[in-house]
$ cat structure29.cif   # mmCIF, C-alpha atoms
data_final
loop_
_atom_site.label_atom_id
_atom_site.label_comp_id
_atom_site.auth_asym_id
_atom_site.auth_seq_id
_atom_site.Cartn_x
_atom_site.Cartn_y
_atom_site.Cartn_z
CA MET A 1 223.95 265.56 219.89
CA ASN A 2 220.36 264.61 220.49
CA VAL A 3 219.61 264.46 216.79
CA SER A 4 222.57 262.19 216.06
CA ALA A 5 221.42 259.72 218.73
CA GLN A 6 217.89 259.37 217.39
CA ASP A 7 216.41 256.52 215.41
CA VAL A 8 213.79 257.45 212.83
CA ILE A 9 211.08 255.10 211.60
CA VAL A 10 209.87 256.11 208.14
CA LYS A 11 206.26 255.02 207.59
CA LYS A 12 204.70 254.20 204.23
CA ASP A 13 202.34 257.15 204.46
CA GLY A 14 205.36 259.50 204.53
CA SER A 15 205.26 260.33 208.25
CA THR A 16 208.16 259.62 210.62
CA VAL A 17 208.53 258.50 214.22
CA VAL A 18 211.53 259.82 216.16
CA CYS A 19 212.42 257.16 218.72
CA ARG A 20 214.89 254.65 220.07
CA VAL A 21 214.31 251.27 218.39
CA VAL A 22 214.31 248.43 220.93
CA GLU A 23 213.65 245.39 218.75
CA VAL A 24 212.68 244.49 215.18
CA THR A 25 210.99 241.12 214.57
CA ALA A 26 209.46 239.57 211.47
CA THR A 27 206.14 241.32 212.09
CA GLU A 28 206.67 244.14 214.63
CA ILE A 29 208.89 247.07 215.55
CA THR A 30 209.23 247.78 219.28
CA TYR A 31 210.45 251.28 220.19
CA LYS A 32 210.48 253.98 222.86
CA LYS A 33 209.40 257.51 222.14
CA TRP A 34 212.35 259.87 221.96
CA SER A 35 210.57 262.28 224.26
CA ASP A 36 210.16 259.57 226.91
CA LEU A 37 213.06 257.10 226.72
CA ASN A 38 212.36 255.84 230.24
CA GLY A 39 208.70 255.26 229.52
CA SER A 40 206.72 252.36 228.07
CA ASN A 41 207.54 250.42 224.94
CA TYR A 42 205.42 251.00 221.85
CA VAL A 43 204.79 248.43 219.14
CA MET A 44 204.23 249.20 215.45
CA ASP A 45 203.12 246.72 212.83
CA LYS A 46 206.13 246.21 210.56
CA SER A 47 203.88 246.34 207.47
CA LEU A 48 203.29 250.07 208.16
CA ALA A 49 207.01 250.94 207.93
CA SER A 50 209.13 251.33 204.81
CA ALA A 51 212.50 251.91 206.52
CA ILE A 52 214.38 252.67 209.73
CA ASN A 53 217.20 255.22 209.86
CA TYR A 54 219.37 254.34 212.86
CA GLN A 55 221.39 256.83 214.86
CA ASN A 56 224.65 255.21 213.73
CA GLY A 57 223.86 256.00 210.07
CA LYS A 58 222.65 252.52 209.15
CA ARG A 59 219.42 252.30 207.14
CA GLU A 60 217.14 249.23 207.11
CA THR A 61 214.47 249.00 204.42
CA PHE A 62 211.54 246.62 204.22
CA SER A 63 210.38 245.15 200.92
CA GLU A 64 206.74 244.79 199.93
CA THR A 65 206.98 241.03 200.32
CA GLU A 66 208.28 241.34 203.86
CA SER A 67 205.54 243.73 204.80
CA LEU A 68 202.82 241.48 203.39
CA TYR A 69 204.07 238.23 204.83
CA LYS A 70 202.48 237.06 208.07
CA PRO A 71 204.63 234.18 209.34
CA ASN A 72 202.75 233.85 212.61
CA ASN A 73 199.55 233.04 210.75
CA GLN A 74 200.90 230.50 208.28
CA ASN A 75 200.40 226.81 208.82
CA ASP A 76 203.24 224.35 209.03
CA GLY A 77 201.91 222.40 206.08
CA GLU A 78 199.79 219.32 206.35
CA GLN A 79 199.60 215.97 204.65
CA ALA A 80 196.07 215.93 203.28
CA MET A 81 196.01 212.14 202.95
CA ASN A 82 197.74 209.54 205.10
CA ASP A 83 200.10 206.96 203.64
CA LYS A 84 197.51 204.19 203.75
CA ALA A 85 195.04 206.25 201.71
CA LEU A 86 197.72 207.15 199.17
CA LEU A 87 198.69 203.49 198.78
CA GLY A 88 195.02 202.62 198.38
CA ILE A 89 194.72 205.11 195.54
CA TYR A 90 197.85 203.74 193.92
CA TYR A 91 196.67 200.11 194.00
CA ALA A 92 193.13 201.07 192.95
CA ASN A 93 194.61 202.92 189.99
CA GLN A 94 196.70 199.90 189.00
CA LYS A 95 193.70 197.57 189.30
CA THR A 96 191.43 199.85 187.30
CA SER A 97 194.06 200.36 184.64
CA LYS A 98 194.34 196.58 184.22
CA LYS A 99 190.55 196.25 183.88
CA VAL A 100 190.43 199.00 181.27
CA LYS A 101 193.21 197.37 179.25
CA ASN A 102 191.55 193.94 179.45
CA LEU A 103 188.20 195.32 178.31
CA ARG A 104 189.79 197.06 175.36
CA SER A 105 191.73 193.92 174.44
CA TRP A 106 188.55 191.84 174.51
CA GLY A 107 186.86 194.51 172.44
CA TRP A 108 189.46 194.18 169.68
CA ILE A 109 189.56 190.38 169.86
CA SER A 110 185.79 189.92 169.77
CA GLY A 111 185.35 192.43 166.94
CA ILE A 112 188.08 190.98 164.74
CA ALA A 113 187.13 187.36 165.48
CA GLY A 114 183.39 187.93 164.90
CA VAL A 115 183.84 189.80 161.64
CA GLY A 116 186.52 187.35 160.45
CA LEU A 117 184.46 184.21 161.15
CA GLY A 118 181.38 185.88 159.70
CA ALA A 119 183.25 186.69 156.50
CA LEU A 120 184.56 183.11 156.32
CA LEU A 121 181.07 181.59 156.67
CA TYR A 122 179.67 184.04 154.13
CA ASN A 123 182.37 182.97 151.69
CA LEU A 124 181.61 179.29 152.33
CA GLY A 125 177.96 180.03 151.64
CA ASN A 126 178.83 181.59 148.33
CA ASN A 127 180.75 178.44 147.35
CA ALA A 128 178.12 175.98 148.58
CA ASP A 129 176.24 173.99 145.92
CA ASP A 130 173.23 173.33 148.11
CA GLY A 131 170.91 176.32 148.49
CA ASP A 132 169.91 175.34 152.07
CA TYR A 133 173.53 175.19 153.19
CA GLN A 134 174.21 178.48 151.47
CA ILE A 135 171.50 180.25 153.47
CA ARG A 136 172.66 178.62 156.71
CA TYR A 137 176.23 179.80 156.14
CA TRP A 138 175.05 183.33 155.39
CA ILE A 139 172.82 183.48 158.47
CA SER A 140 175.53 182.01 160.72
CA GLY A 141 178.10 184.42 159.31
CA GLY A 142 175.82 187.39 159.82
CA VAL A 143 175.05 186.36 163.42
CA LEU A 144 178.76 185.90 164.23
CA ALA A 145 179.72 189.21 162.67
CA ALA A 146 176.90 191.09 164.44
CA GLY A 147 177.65 189.38 167.75
CA GLY A 148 181.35 190.17 167.47
CA LEU A 149 180.70 193.81 166.70
CA ALA A 150 178.13 194.12 169.52
CA THR A 151 180.53 192.54 172.02
CA SER A 152 183.36 194.76 170.82
CA ILE A 153 181.32 197.94 171.18
CA SER A 154 180.09 196.86 174.61
CA CYS A 155 183.67 196.25 175.82
CA PHE A 156 184.87 199.64 174.59
CA VAL A 157 181.91 201.43 176.20
CA MET A 158 182.49 199.70 179.55
CA ALA A 159 186.21 200.50 179.40
CA HIS A 160 185.45 204.15 178.69
CA LYS A 161 182.97 204.39 181.58
CA LYS A 162 185.34 202.65 183.98
CA GLN A 163 188.14 205.01 183.06
CA LYS A 164 185.98 208.14 183.43
CA GLU A 165 184.53 207.00 186.77
CA THR A 166 187.99 206.38 188.15
CA GLU A 167 189.53 209.55 186.74
CA MET A 168 186.96 211.61 188.66
CA TYR A 169 188.53 210.33 191.87
CA LEU A 170 192.11 209.60 190.91
CA GLN A 171 192.91 212.46 188.61
CA SER A 172 194.51 214.58 191.33
CA SER A 173 194.99 213.76 195.00
CA THR A 174 196.58 216.33 197.31
CA ILE A 175 199.48 214.94 199.30
CA TYR A 176 200.77 218.11 200.98
CA GLN A 177 199.70 221.76 201.09
CA TYR A 178 201.43 224.77 202.63
CA ASP A 179 199.58 228.12 202.80
CA ILE A 180 201.26 231.51 203.16
CA PRO A 181 198.74 234.31 203.94
CA PHE A 182 199.39 238.01 203.33
CA TYR A 183 198.08 241.15 205.02
CA ASN A 184 196.17 242.25 201.92
CA GLY A 185 193.92 239.18 202.09
CA THR A 186 195.67 237.19 199.38
CA SER A 187 197.63 234.01 199.94
CA LEU A 188 200.14 231.72 198.29
CA SER A 189 199.60 227.96 198.33
CA VAL A 190 202.48 225.54 197.80
CA GLY A 191 201.35 221.99 197.15
CA ALA A 192 202.32 218.51 196.10
CA ASP A 193 199.73 216.39 194.30
CA MET A 194 199.68 212.83 193.06
CA LEU A 195 198.46 212.83 189.46
CA SER A 196 197.13 209.48 188.27
CA ASP A 197 196.70 208.34 184.68
CA CYS A 198 194.34 205.38 184.38
CA THR A 199 195.08 204.94 180.70
CA LEU A 200 198.81 204.45 181.19
CA GLY A 201 198.53 203.07 184.71
CA SER A 202 201.10 205.53 186.03
CA ASN A 203 201.33 207.93 188.97
CA THR A 204 203.24 211.20 188.98
CA ILE A 205 204.05 213.61 191.80
CA GLY A 206 203.35 217.19 190.76
CA LEU A 207 204.64 220.31 192.54
CA GLY A 208 202.88 223.63 192.07
CA LEU A 209 202.27 227.17 193.28
CA ARG A 210 198.88 228.88 193.41
CA TYR A 211 198.34 232.56 194.19
CA ASN A 212 194.88 233.23 195.62
CA PHE A 213 193.60 236.76 194.93
#
$ encode --input "structure29.cif" --output "structure tokens"
Amino acid sequence: MNVSAQDVIVKKDGSTVVCRVVEVTATEITYKKWSDLNGSNYVMDKSLASAINYQNGKRETFSETESLYKPNNQNDGEQAMNDKALLGIYYANQKTSKKVKNLRSWGWISGIAGVGLGALLYNLGNNADDGDYQIRYWISGGVLAAGGLATSISCFVMAHKKQKETEMYLQSSTIYQYDIPFYNGTSLSVGADMLSDCTLGSNTIGLGLRYNF
């Protein structure tokens, strides 16, 4: 009769504890020793147990995930950046994207216009009857073509620098992060990030999981 009324905690190391289980929580098992049922309560870390065999024949097992999880030590998640900061990043991204597009547009316009006008003046020089006018057309055409190309290159270089400088800050901004620690020292991070693309001028919310060994 005594044996049938006992609860048995099976530990992961293979040993057992004969007792009367009082309470099982997410992290602990509270029990009384079978040899002293009127005595003090004892507490065992739930991560040390693999199962409980109850006196009524019921068996409760604990998975590896349950034994590793430490809910009392997790955070409730936090918004890494306030709404004002996130809006600031959004508008800064839009403004920078517009500047980059304008610089690239001016780069194409100045390059095409400079080379086109230079070619036109060079052609007029070839058709000129007066030698002085011919040289002037050639020089003017060369200056326009060189100036157009220089301006074009300068615009593309500035656009590239502006994009890279902004991407260093706007590439990924953490909105929310939720950490789940485990007993073995590892942790799982659940996060939401705002990913910004300066080239397209768009913002995307990205959800991800990261396991930290």
$ residues_around --input "structure29.cif" --residues "A:Leu149" --least-positions-apart "5" --cutoff "9 Å" --atoms "all atoms listed in the file" --output "MDAnalysis selection string"
chainID A and resid 107 110:112 114:115 144 154
$ resolve_selection --input "structure29.cif" --expression "the PyMOL selection byres ((chain A and resi 100-104) around 7)" --output "list in words"
Thr96, Ser97, Lys98, Lys99, Ser105, Trp106, Gly107, Trp108, Cys155, Phe156, Ala159, Lys162 and Gln163 of chain A
$ resolve_selection --input "structure29.cif" --expression "the PyMOL selection byres ((chain A and resi 191) around 7)" --output "list in words"
Tyr176, Gln177, Tyr178, Ser189, Val190, Ala192, Asp193, Leu207, Gly208 and Leu209 of chain A
$ closest_residue --input "structure29.cif" --among "A:Ile109, A:Lys161, A:Gly118, A:Asp130" --to "A:Ala146" --atoms "only C-alpha atoms"
A:Gly118
$ atom_distance --input "structure29.cif" --atom1 "atom CA of A:Lys32" --atom2 "atom CA of A:Val10"
14.9 Å
$ residues_around --input "structure29.cif" --residues "A:Ser40" --least-positions-apart "2" --cutoff "12 Å" --atoms "all atoms listed in the file" --output "ChimeraX atom specification"
/A:19-20,22,30-38,42-43
$ atom_distance --input "structure29.cif" --atom1 "atom CA of A:Asp179" --atom2 "atom CA of A:Asn212"
10.0 Å
$ atom_distance --input "structure29.cif" --atom1 "atom CA of A:Phe213" --atom2 "atom CA of A:Thr174"
20.8 Å
$ resolve_selection --input "structure29.cif" --expression "the PyMOL selection byres ((chain A and resi 45) around 9)" --output "list in words"
Thr27, Glu28, Ile29, Thr30, Val43, Met44, Lys46, Ser47, Leu48, Ala49 and Ser67 of chain A
$ residues_near_point --input "structure29.cif" --point "(218.1, 253.9, 211.0)" --cutoff "10 Å" --atoms "only C-alpha atoms" --output "MDAnalysis selection string"
chainID A and resid 6:10 20:21 51:61
